[in-house]
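**Q** My structure is stored as query_27.csv, with CSV, C-alpha atoms.
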chain,number,residue,atom,x,y,z
A,1,MET,CA,-41.8,23.2,86.8
A,2,SER,CA,-39.7,25.6,84.7
A,3,ASP,CA,-40.9,29.2,84.1
A,4,LYS,CA,-39.0,29.5,80.8
A,5,PRO,CA,-41.9,28.7,78.6
A,6,MET,CA,-44.0,31.3,80.5
A,7,ARG,CA,-41.4,33.9,80.0
A,8,GLY,CA,-41.1,32.9,76.3
A,9,ARG,CA,-44.8,33.5,75.8
A,10,ALA,CA,-44.6,36.9,77.6
A,11,TRP,CA,-42.3,38.5,75.1
A,12,PRO,CA,-44.7,38.6,72.2
A,13,ARG,CA,-47.4,40.0,74.5
A,14,MET,CA,-45.0,42.7,75.6
A,15,LEU,CA,-44.0,43.5,72.0
A,16,LEU,CA,-47.7,43.6,71.1
A,17,LEU,CA,-48.4,46.0,74.0
A,18,ILE,CA,-45.5,48.2,73.1
A,19,ALA,CA,-46.7,48.3,69.5
A,20,LEU,CA,-50.2,49.1,70.7
A,21,LEU,CA,-48.9,51.9,72.9
A,22,ALA,CA,-46.8,53.2,70.1
A,23,SER,CA,-49.8,53.2,67.8
A,24,VAL,CA,-51.9,55.0,70.4
A,25,GLY,CA,-49.1,57.5,71.0
A,26,ALA,CA,-48.8,58.1,67.3
A,27,LEU,CA,-52.5,58.6,67.0
A,28,VAL,CA,-52.5,61.0,69.9
A,29,TYR,CA,-49.6,62.9,68.5
A,30,GLY,CA,-51.2,62.9,65.0
A,31,TRP,CA,-54.5,64.2,66.4
A,32,ASN,CA,-52.8,66.9,68.5
A,33,ASP,CA,-50.7,67.9,65.5
A,34,PHE,CA,-53.8,68.1,63.3
A,35,ALA,CA,-55.6,70.1,66.0
A,36,ARG,CA,-52.6,72.5,66.2
A,37,PHE,CA,-52.5,72.8,62.4
A,38,SER,CA,-56.2,73.7,62.2
A,39,THR,CA,-56.0,76.6,64.6
A,40,ALA,CA,-52.4,77.8,64.0
A,41,PRO,CA,-52.0,80.9,61.9
A,42,LEU,CA,-51.0,80.4,58.3
A,43,ASN,CA,-47.6,81.9,57.2
A,44,VAL,CA,-49.0,85.3,56.2
A,45,ALA,CA,-46.5,88.0,56.9
A,46,THR,CA,-47.9,91.1,55.2
A,47,GLN,CA,-51.3,92.8,55.0
A,48,GLY,CA,-53.1,92.6,51.7
A,49,ASP,CA,-52.3,89.0,50.6
A,50,SER,CA,-55.0,87.0,49.0
A,51,ILE,CA,-55.7,83.8,47.2
A,52,ASP,CA,-57.8,83.7,44.0
A,53,ILE,CA,-59.9,80.6,43.5
A,54,SER,CA,-61.0,80.2,39.9
A,55,ARG,CA,-64.2,78.5,39.0
A,56,GLY,CA,-63.7,74.7,38.8
A,57,SER,CA,-60.5,74.6,40.9
A,58,SER,CA,-60.0,71.3,42.7
A,59,PHE,CA,-59.4,71.0,46.5
A,60,LYS,CA,-56.0,69.6,45.7
A,61,GLY,CA,-55.2,72.6,43.5
A,62,ILE,CA,-56.2,75.1,46.2
A,63,VAL,CA,-54.0,73.4,48.9
A,64,GLY,CA,-51.2,73.1,46.3
A,65,GLU,CA,-51.3,76.9,45.7
A,66,LEU,CA,-51.3,77.6,49.4
A,67,ARG,CA,-48.2,75.4,49.8
A,68,GLN,CA,-46.5,76.6,46.7
A,69,ARG,CA,-46.8,80.2,47.8
A,70,GLY,CA,-45.5,79.3,51.3
A,71,PHE,CA,-48.6,80.1,53.2
A,72,SER,CA,-48.8,76.5,54.5
A,73,THR,CA,-46.3,73.7,55.0
A,74,ALA,CA,-48.8,71.2,56.4
A,75,ASN,CA,-49.4,67.8,54.9
A,76,PRO,CA,-52.2,68.0,52.3
A,77,LEU,CA,-53.9,65.2,54.2
A,78,TYR,CA,-54.4,67.5,57.1
A,79,TRP,CA,-56.3,70.0,54.9
A,80,ARG,CA,-58.4,67.2,53.5
A,81,LEU,CA,-59.2,65.9,57.1
A,82,LEU,CA,-60.1,69.4,58.2
A,83,ALA,CA,-62.4,70.0,55.2
A,84,GLU,CA,-64.2,66.7,55.9
A,85,GLN,CA,-64.5,67.5,59.6
A,86,MET,CA,-66.0,70.9,58.8
A,87,HIS,CA,-68.3,69.3,56.1
A,88,VAL,CA,-67.1,71.7,53.5
A,89,ALA,CA,-65.2,69.4,51.1
A,90,GLY,CA,-66.6,70.1,47.7
A,91,LYS,CA,-68.4,73.2,48.8
A,92,LEU,CA,-65.8,75.8,48.4
A,93,HIS,CA,-66.8,78.9,46.3
A,94,ALA,CA,-64.7,80.5,43.6
A,95,GLY,CA,-63.5,84.0,44.3
A,96,GLU,CA,-60.7,86.0,45.9
A,97,TYR,CA,-60.2,85.5,49.6
A,98,ALA,CA,-58.2,87.7,52.0
A,99,LEU,CA,-55.2,86.2,53.7
A,100,GLU,CA,-54.7,88.5,56.6
A,101,PRO,CA,-51.9,87.9,59.2
A,102,GLY,CA,-53.3,85.6,61.9
A,103,ILE,CA,-55.8,83.7,59.7
A,104,THR,CA,-56.0,80.0,60.4
A,105,PRO,CA,-56.8,77.1,58.1
A,106,ARG,CA,-60.2,76.6,59.8
A,107,GLN,CA,-61.1,80.3,59.3
A,108,LEU,CA,-59.9,80.3,55.6
A,109,LEU,CA,-62.0,77.2,54.8
A,110,ALA,CA,-65.0,78.7,56.6
A,111,ASN,CA,-64.7,81.8,54.5
A,112,MET,CA,-64.4,79.8,51.3
A,113,ALA,CA,-67.4,77.7,52.2
A,114,ALA,CA,-69.5,80.8,53.0
A,115,GLY,CA,-68.3,82.7,49.9
A,116,ARG,CA,-67.0,85.5,52.0
A,117,VAL,CA,-64.9,86.9,49.2
A,118,LEU,CA,-62.4,89.8,49.6
A,119,GLN,CA,-64.1,93.2,49.3
A,120,ARG,CA,-62.3,96.3,48.2
A,121,ASN,CA,-63.4,99.9,48.5
A,122,PHE,CA,-63.5,102.6,46.0
A,123,THR,CA,-64.1,106.1,47.3
A,124,ILE,CA,-65.5,108.9,45.2
A,125,VAL,CA,-64.1,112.1,46.7
A,126,ASP,CA,-66.3,115.2,47.2
A,127,GLY,CA,-65.4,117.8,44.6
A,128,TRP,CA,-63.9,115.5,42.0
A,129,THR,CA,-64.9,116.2,38.4
A,130,PHE,CA,-66.3,113.3,36.4
A,131,GLY,CA,-63.0,113.2,34.5
A,132,GLU,CA,-61.1,112.7,37.8
A,133,LEU,CA,-63.6,110.0,38.8
A,134,ARG,CA,-62.9,108.1,35.5
A,135,GLN,CA,-59.2,108.4,36.0
A,136,ALA,CA,-59.4,107.0,39.5
A,137,LEU,CA,-61.6,104.1,38.3
A,138,ALA,CA,-59.0,103.3,35.7
A,139,ARG,CA,-56.4,102.9,38.5
A,140,ALA,CA,-58.6,100.7,40.7
A,141,GLU,CA,-57.2,97.2,41.2
A,142,LYS,CA,-59.1,94.0,40.4
A,143,LEU,CA,-61.9,95.9,38.7
A,144,ASN,CA,-63.0,95.2,35.1
A,145,HIS,CA,-62.4,98.4,33.2
A,146,ASP,CA,-65.4,98.1,30.8
A,147,SER,CA,-65.7,101.8,30.4
A,148,ALA,CA,-62.1,102.4,29.2
A,149,ALA,CA,-63.0,102.6,25.5
A,150,LEU,CA,-66.2,104.5,26.0
A,151,ASP,CA,-66.7,108.3,25.8
A,152,ASP,CA,-68.8,110.0,28.4
A,153,ALA,CA,-72.0,109.8,26.5
A,154,ALA,CA,-71.6,106.1,25.9
A,155,VAL,CA,-70.9,105.6,29.6
A,156,MET,CA,-74.1,107.3,30.6
A,157,GLN,CA,-76.0,105.2,28.1
A,158,LYS,CA,-74.5,102.0,29.5
A,159,ILE,CA,-75.6,102.8,33.1
A,160,GLY,CA,-79.1,103.7,32.0
A,161,ALA,CA,-78.8,107.5,32.1
A,162,GLY,CA,-78.5,108.2,28.4
A,163,GLY,CA,-78.8,111.8,27.4
A,164,GLU,CA,-77.7,113.1,30.8
A,165,ALA,CA,-74.6,115.3,31.2
A,166,PRO,CA,-72.3,113.2,33.5
A,167,GLU,CA,-70.9,116.0,35.6
A,168,GLY,CA,-72.2,116.1,39.1
A,169,ARG,CA,-74.4,113.0,38.7
A,170,PHE,CA,-72.5,110.6,41.0
A,171,LEU,CA,-72.6,110.7,44.8
A,172,PRO,CA,-69.3,110.9,46.6
A,173,GLU,CA,-69.2,107.9,48.9
A,174,THR,CA,-67.2,104.7,49.4
A,175,TYR,CA,-68.5,101.8,47.3
A,176,ALA,CA,-67.4,98.2,48.0
A,177,TYR,CA,-66.6,95.8,45.2
A,178,VAL,CA,-65.1,92.4,44.6
A,179,LYS,CA,-62.7,91.1,42.0
A,180,GLY,CA,-64.3,90.9,38.6
A,181,ASP,CA,-66.9,93.6,39.2
A,182,SER,CA,-67.2,96.3,36.5
A,183,ASP,CA,-66.4,99.9,36.8
A,184,LEU,CA,-69.8,100.5,35.2
A,185,ASP,CA,-71.3,98.7,38.2
A,186,ILE,CA,-69.8,101.3,40.5
A,187,LEU,CA,-70.9,104.2,38.3
A,188,ARG,CA,-74.4,102.8,38.1
A,189,ARG,CA,-74.6,102.5,41.9
A,190,ALA,CA,-73.1,106.0,42.5
A,191,HIS,CA,-75.6,107.5,40.0
A,192,ALA,CA,-78.5,105.8,41.7
A,193,ALA,CA,-77.3,107.0,45.1
A,194,MET,CA,-77.1,110.6,43.8
A,195,VAL,CA,-80.7,110.4,42.3
A,196,LYS,CA,-82.0,109.0,45.6
A,197,THR,CA,-80.2,111.5,47.8
A,198,LEU,CA,-81.1,114.5,45.7
A,199,ASP,CA,-84.7,113.5,45.5
A,200,GLU,CA,-85.0,113.1,49.2
A,201,LEU,CA,-83.2,116.4,50.0
A,202,TRP,CA,-85.2,118.3,47.3
A,203,ALA,CA,-88.4,117.1,49.0
A,204,GLY,CA,-87.3,118.6,52.3
A,205,ARG,CA,-85.8,121.8,50.8
A,206,ALA,CA,-86.2,125.3,52.3
A,207,GLN,CA,-89.2,127.2,50.9
A,208,GLY,CA,-88.8,130.1,48.5
A,209,LEU,CA,-85.4,129.1,46.9
A,210,PRO,CA,-84.7,130.6,43.5
A,211,LEU,CA,-84.2,127.0,42.2
A,212,ALA,CA,-86.7,125.5,39.8
A,213,THR,CA,-85.5,121.9,39.7
A,214,PRO,CA,-83.4,119.4,41.6
A,215,TYR,CA,-80.8,119.7,38.8
A,216,GLU,CA,-80.4,123.4,39.5
A,217,ALA,CA,-79.8,122.5,43.2
A,218,LEU,CA,-77.2,120.0,42.0
A,219,ILE,CA,-75.5,122.8,40.0
A,220,LEU,CA,-75.5,125.2,43.0
A,221,ALA,CA,-74.2,122.5,45.3
A,222,SER,CA,-71.3,121.8,43.0
A,223,ILE,CA,-70.3,125.5,43.2
A,224,VAL,CA,-70.6,125.4,47.0
A,225,GLU,CA,-68.4,122.3,47.0
A,226,LYS,CA,-65.6,123.9,45.1
A,227,GLU,CA,-65.8,127.3,46.9
A,228,THR,CA,-65.1,126.0,50.4
A,229,GLY,CA,-63.9,122.9,52.2
A,230,ILE,CA,-64.9,124.2,55.6
A,231,PRO,CA,-68.1,122.5,56.8
A,232,ALA,CA,-69.3,125.5,58.8
A,233,GLU,CA,-69.0,127.8,55.7
A,234,ARG,CA,-71.0,125.8,53.2
A,235,ALA,CA,-74.4,127.2,54.2
A,236,GLN,CA,-73.0,130.7,54.3
A,237,ILE,CA,-71.6,130.4,50.8
A,238,ALA,CA,-74.8,128.9,49.6
A,239,GLY,CA,-76.7,131.8,51.2
A,240,VAL,CA,-74.6,134.4,49.3
A,241,PHE,CA,-75.3,132.7,45.9
A,242,VAL,CA,-79.0,132.3,46.6
A,243,ARG,CA,-79.3,136.0,47.4
A,244,ARG,CA,-77.3,136.9,44.3
A,245,LEU,CA,-79.7,134.8,42.2
A,246,GLU,CA,-82.6,136.5,43.9
A,247,GLU,CA,-81.1,140.0,43.2
A,248,HIS,CA,-80.3,139.0,39.6
A,249,MET,CA,-76.6,139.6,40.2
A,250,LEU,CA,-73.9,137.8,38.4
A,251,LEU,CA,-72.6,134.9,40.5
A,252,GLN,CA,-69.0,135.7,39.7
A,253,THR,CA,-67.6,132.4,41.0
A,254,ASP,CA,-64.1,131.6,40.0
A,255,PRO,CA,-64.4,127.7,40.2
A,256,SER,CA,-67.0,127.9,37.4
A,257,VAL,CA,-64.8,130.0,35.2
A,258,ILE,CA,-61.9,127.6,35.8
A,259,TYR,CA,-64.1,124.6,34.9
A,260,GLY,CA,-65.1,126.4,31.6
A,261,MET,CA,-61.4,126.9,30.8
A,262,GLY,CA,-60.8,123.2,30.7
A,263,ALA,CA,-57.2,122.3,29.7
A,264,ASN,CA,-56.4,126.0,29.3
A,265,TYR,CA,-56.3,126.4,33.1
A,266,ALA,CA,-52.7,126.4,34.2
A,267,GLY,CA,-53.1,126.9,37.9
A,268,ASN,CA,-53.8,130.7,37.9
A,269,ILE,CA,-56.8,132.6,36.9
A,270,ARG,CA,-56.1,135.9,35.2
A,271,ARG,CA,-58.2,139.0,34.6
A,272,SER,CA,-58.4,138.1,30.9
A,273,ASP,CA,-59.9,134.8,31.9
A,274,LEU,CA,-62.7,136.5,33.8
A,275,THR,CA,-63.6,138.5,30.6
A,276,THR,CA,-63.3,135.6,28.1
A,277,ASP,CA,-66.8,134.4,27.6
A,278,THR,CA,-67.6,130.7,28.0
A,279,PRO,CA,-70.9,128.9,29.0
A,280,TYR,CA,-69.4,128.6,32.5
A,281,ASN,CA,-68.1,132.2,32.9
A,282,THR,CA,-70.3,133.5,35.6
A,283,TYR,CA,-68.7,136.9,35.3
A,284,THR,CA,-70.1,137.3,31.8
A,285,ARG,CA,-73.3,135.2,31.9
A,286,PRO,CA,-76.1,135.5,34.4
A,287,GLY,CA,-77.6,132.7,36.5
A,288,LEU,CA,-76.3,129.3,37.1
A,289,PRO,CA,-73.8,127.6,34.7
A,290,PRO,CA,-75.4,125.0,32.4
A,291,THR,CA,-74.2,121.9,34.3
A,292,PRO,CA,-72.6,121.1,37.7
A,293,ILE,CA,-68.8,121.8,37.8
A,294,ALA,CA,-68.0,118.9,40.1
A,295,LEU,CA,-69.4,116.0,42.1
A,296,PRO,CA,-70.9,117.6,45.2
A,297,GLY,CA,-71.1,115.6,48.4
A,298,LYS,CA,-74.2,115.3,50.6
A,299,PRO,CA,-73.1,118.2,52.9
A,300,ALA,CA,-72.9,120.6,49.9
A,301,LEU,CA,-76.3,119.4,48.7
A,302,VAL,CA,-77.8,120.1,52.1
A,303,ALA,CA,-76.2,123.5,52.2
A,304,ALA,CA,-77.5,124.4,48.7
A,305,LEU,CA,-81.1,123.4,49.8
A,306,HIS,CA,-80.8,125.0,53.2
A,307,PRO,CA,-78.7,128.1,52.8
A,308,ALA,CA,-77.9,130.3,55.8
A,309,ALA,CA,-80.0,133.4,56.3
A,310,GLY,CA,-78.1,136.8,56.2
A,311,ASP,CA,-77.4,139.8,54.1
A,312,ALA,CA,-73.9,139.1,52.7
A,313,LEU,CA,-73.6,139.3,48.9
A,314,TYR,CA,-69.8,138.9,48.7
A,315,PHE,CA,-67.0,136.9,50.1
A,316,VAL,CA,-63.2,136.7,49.7
A,317,ALA,CA,-60.7,134.0,50.6
A,318,ARG,CA,-58.8,134.8,53.8
A,319,GLY,CA,-55.8,132.7,52.7
A,320,ASP,CA,-56.2,130.1,55.4
A,321,GLY,CA,-59.0,128.2,53.7
A,322,GLY,CA,-61.8,130.3,55.1
A,323,HIS,CA,-63.6,133.4,53.8
A,324,VAL,CA,-64.6,136.9,54.9
A,325,PHE,CA,-68.2,137.9,54.0
A,326,ALA,CA,-69.4,141.4,53.2
A,327,ARG,CA,-72.8,143.0,52.6
A,328,THR,CA,-71.7,145.8,50.3
A,329,LEU,CA,-69.3,146.1,47.4
A,330,GLU,CA,-67.4,148.8,49.3
A,331,GLU,CA,-66.9,146.5,52.3
A,332,HIS,CA,-65.9,143.7,49.9
A,333,ASN,CA,-63.3,145.8,48.1
A,334,ARG,CA,-61.7,146.6,51.5
A,335,ASN,CA,-61.6,142.9,52.3
A,336,VAL,CA,-60.0,142.2,48.9
A,337,ASP,CA,-57.4,144.8,49.5
A,338,CYS,CA,-56.7,143.4,53.0
A,339,TYR,CA,-56.7,139.6,52.4
A,340,GLN,CA,-55.6,139.4,48.8
A,341,ARG,CA,-53.4,142.4,48.2
A,342,LYS,CA,-52.2,142.6,51.8
A,343,ARG,CA,-53.1,146.2,52.1
A,344,CYS,CA,-55.2,146.3,55.2
A,345,ARG,CA,-56.3,149.7,56.5
Would you put the structure from the file into structure tokens?

**A**
Amino acid sequence: MSDKPMRGRAWPRMLLLIALLASVGALVYGWNDFARFSTAPLNVATQGDSIDISRGSSFKGIVGELRQRGFSTANPLYWRLLAEQMHVAGKLHAGEYALEPGITPRQLLANMAAGRVLQRNFTIVDGWTFGELRQALARAEKLNHDSAALDDAAVMQKIGAGGEAPEGRFLPETYAYVKGDSDLDILRRAHAAMVKTLDELWAGRAQGLPLATPYEALILASIVEKETGIPAERAQIAGVFVRRLEEHMLLQTDPSVIYGMGANYAGNIRRSDLTTDTPYNTYTRPGLPPTPIALPGKPALVAALHPAAGDALYFVARGDGGHVFARTLEEHNRNVDCYQRKRCR
């Protein structure tokens, strides 16, 4: 019997097997390629990239933007399969999302599904004036500048602190925000943080201070803040001013005079400036100035409410950021000659 018919029937089987193996191979390759795509980093080369998903964006549109900006070259079908596998298709939240180097498609979709939007930080620096704070807010990226057209009084009204002088009322700290937040939100939070911090510190203040209210403590702290940036000196500086208040001496603090000069201050304080009366000239007016002269940080607040003990009533800048303290005017004048006029004896 001839085996030709048998061999003739074998060819289709072999072709079917080959086709089946090819299909299996393609499926294995496709699955492996999909798995590689889901865990391989996106094409993010620089720090600080992000993608902004507006409300109502389609999944196709999101993937299209990733491809159009070069972050992904993968087939959109892979993105769809991954979203279905993760059970997040149709559950992606609007917002701005960070695209950091090394982030994978799986991580990005997980962030979008959880609404882990990109947070930015805004830092209020110890010793800024309220004017400097407003200028910095105006430069902050991705923040709605709702206060831009408002004067200071209107800003305070908007944040629920109408009638308060703004200087000194905002706690220097770092505040997180997301795209679309308002600058008024940051001011509101910083104001609340200062109220809370000052109330807590006032409750635990040293006894016998010549300060009648928490606001007076805030004013003194702002002076301490501007007089020294050296942590170890803050309590000493505060101690000098507390003793001068107790002795009914003029505070004679240059930063307050400079604040009162406003735009007239050109970088140097002259003798005529010390004799020109303003509400902030502590060489011509007794007691504390009418408002803070800056935004004091918590360390300056602590120093004002816990001044160092001692008998010094004067201090002069050494020229290296620190100060030399003196008990008597005669000793102080010698220090001034030595450290400012360079006539040490």

**Q** For Asp49 (chain A), list every protein, DNA or RNA residue within 12 Å, evaluated using all atoms listed in the file, and leave out those in the same chain fewer than 2 positions away; present the list as number ranges by chain.

**A** A: 42-47, 51-52, 66, 69-71, 96-103, 118

**Q** Do you know which residues lie at most 9 Å from (-72.4, 123.7, 35.7), with coordinates as in the file and all atoms listed in the file counted, and could you write them as a VMD selection string?

**A** chain A and resid 167 to 168 216 218 to 220 222 to 223 256 259 to 260 279 to 280 288 to 294

**Q** Could you please determine the separation between CA of Gln236 (chain A) and CA of Arg169 (chain A) in Å, to one decimal place?

**A**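 According to the coordinates, CA of Gln236 (chain A) and CA of Arg169 (chain A) are separated by 23.6 Å.
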
**Q** Determine, counting all atoms listed in the file, which protein, DNA and RNA residues have an atom within 8 Å of an atom of Arg243 (chain A); residues of the same chain fewer than 3 positions away are not included. Present the result as a list in words.

**A**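 Answer for this query is Gly239, Val240, Glu246, Glu247, Asp311 and Leu313 of chain A.
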
**Q** Show which residues sit within 9 Å of Met86 (chain A), as JSON, numbers by chain. Count all atoms listed in the file, and ignore same-chain residues fewer than 3 positions away.

**A** {"A": [81, 82, 83, 89, 106, 109, 110]}

**Q** Between A:Gly127, A:Pro286, A:Pro296, A:Gly115, single out the one closest to Met194 (chain A), counting all atoms listed in the file.

**A**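 For Met194 (chain A), the nearest of the given residues is A:Pro296.
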
**Q** List the spatial neighbours of Glu132 (chain A) as a PyMOL selection string - criterion: any atom at most 10 Å away, all atoms listed in the file, same-chain residues fewer than 6 positions off excluded.

**A** chain A and resi 124-125+138+294-295

**Q** One number please: CA of His93 (chain A) to CA of Ile53 (chain A), in Å, one decimal.

**A**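 One can read the CA of His93 (chain A) to CA of Ile53 (chain A) distance as 7.6 Å.
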
**Q** Do you know which residues are at most 9 Å from region 171-178 of chain A counting all atoms listed in the file, after dropping those on the same chain fewer than 4 positions away, and could you put them as number ranges by chain?

**A** A: 95-96, 117-128, 142-143, 182, 185-186, 189-195, 197, 295-298

**Q** Nearest to Ala165 (chain A) among A:Met249, A:Pro105, A:Gly180, A:Phe130, with distances taken over only C-alpha atoms: which residue is it?

**A**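 Under the stated criterion, the closest residue is A:Phe130.
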
**Q** Work out how far CA of Phe170 (chain A) is from CA of Asn281 (chain A), in Å to one decimal.

**A**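 Computing it gives 23.5 Å between the two atoms.
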
**Q** At a cut-off of 9 Å around the point (-73.3, 125.2, 48.1) (file coordinates), what residues fall inside when counting only C-alpha atoms? I'd like the answer as a list in words.

**A** Ala217, Leu218, Ile219, Leu220, Ala221, Ser222, Ile223, Val224, Glu225, Lys226, Glu227, Thr228, Arg234, Ala235, Gln236, Ile237, Ala238, Gly239, Phe241, Pro296, Pro299, Ala300, Leu301, Val302, Ala303, Ala304, Leu305 and Pro307 of chain A

**Q** Pick from A:Ile230, A:Ala153, A:Leu108, A:Ile62: nearest to Gly322 (chain A), with all atoms listed in the file counted?

**A**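 So, comparing all the options, the nearest one is A:Ile230.
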
**Q** My list of candidates is A:Ala94, A:Ala203, A:Leu77, A:Val155. Which is closest to Ser57 (chain A) when distances are computed with only C-alpha atoms?

**A**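 Looking only at the distances to Ser57 (chain A), the closest residue turns out to be A:Ala94.
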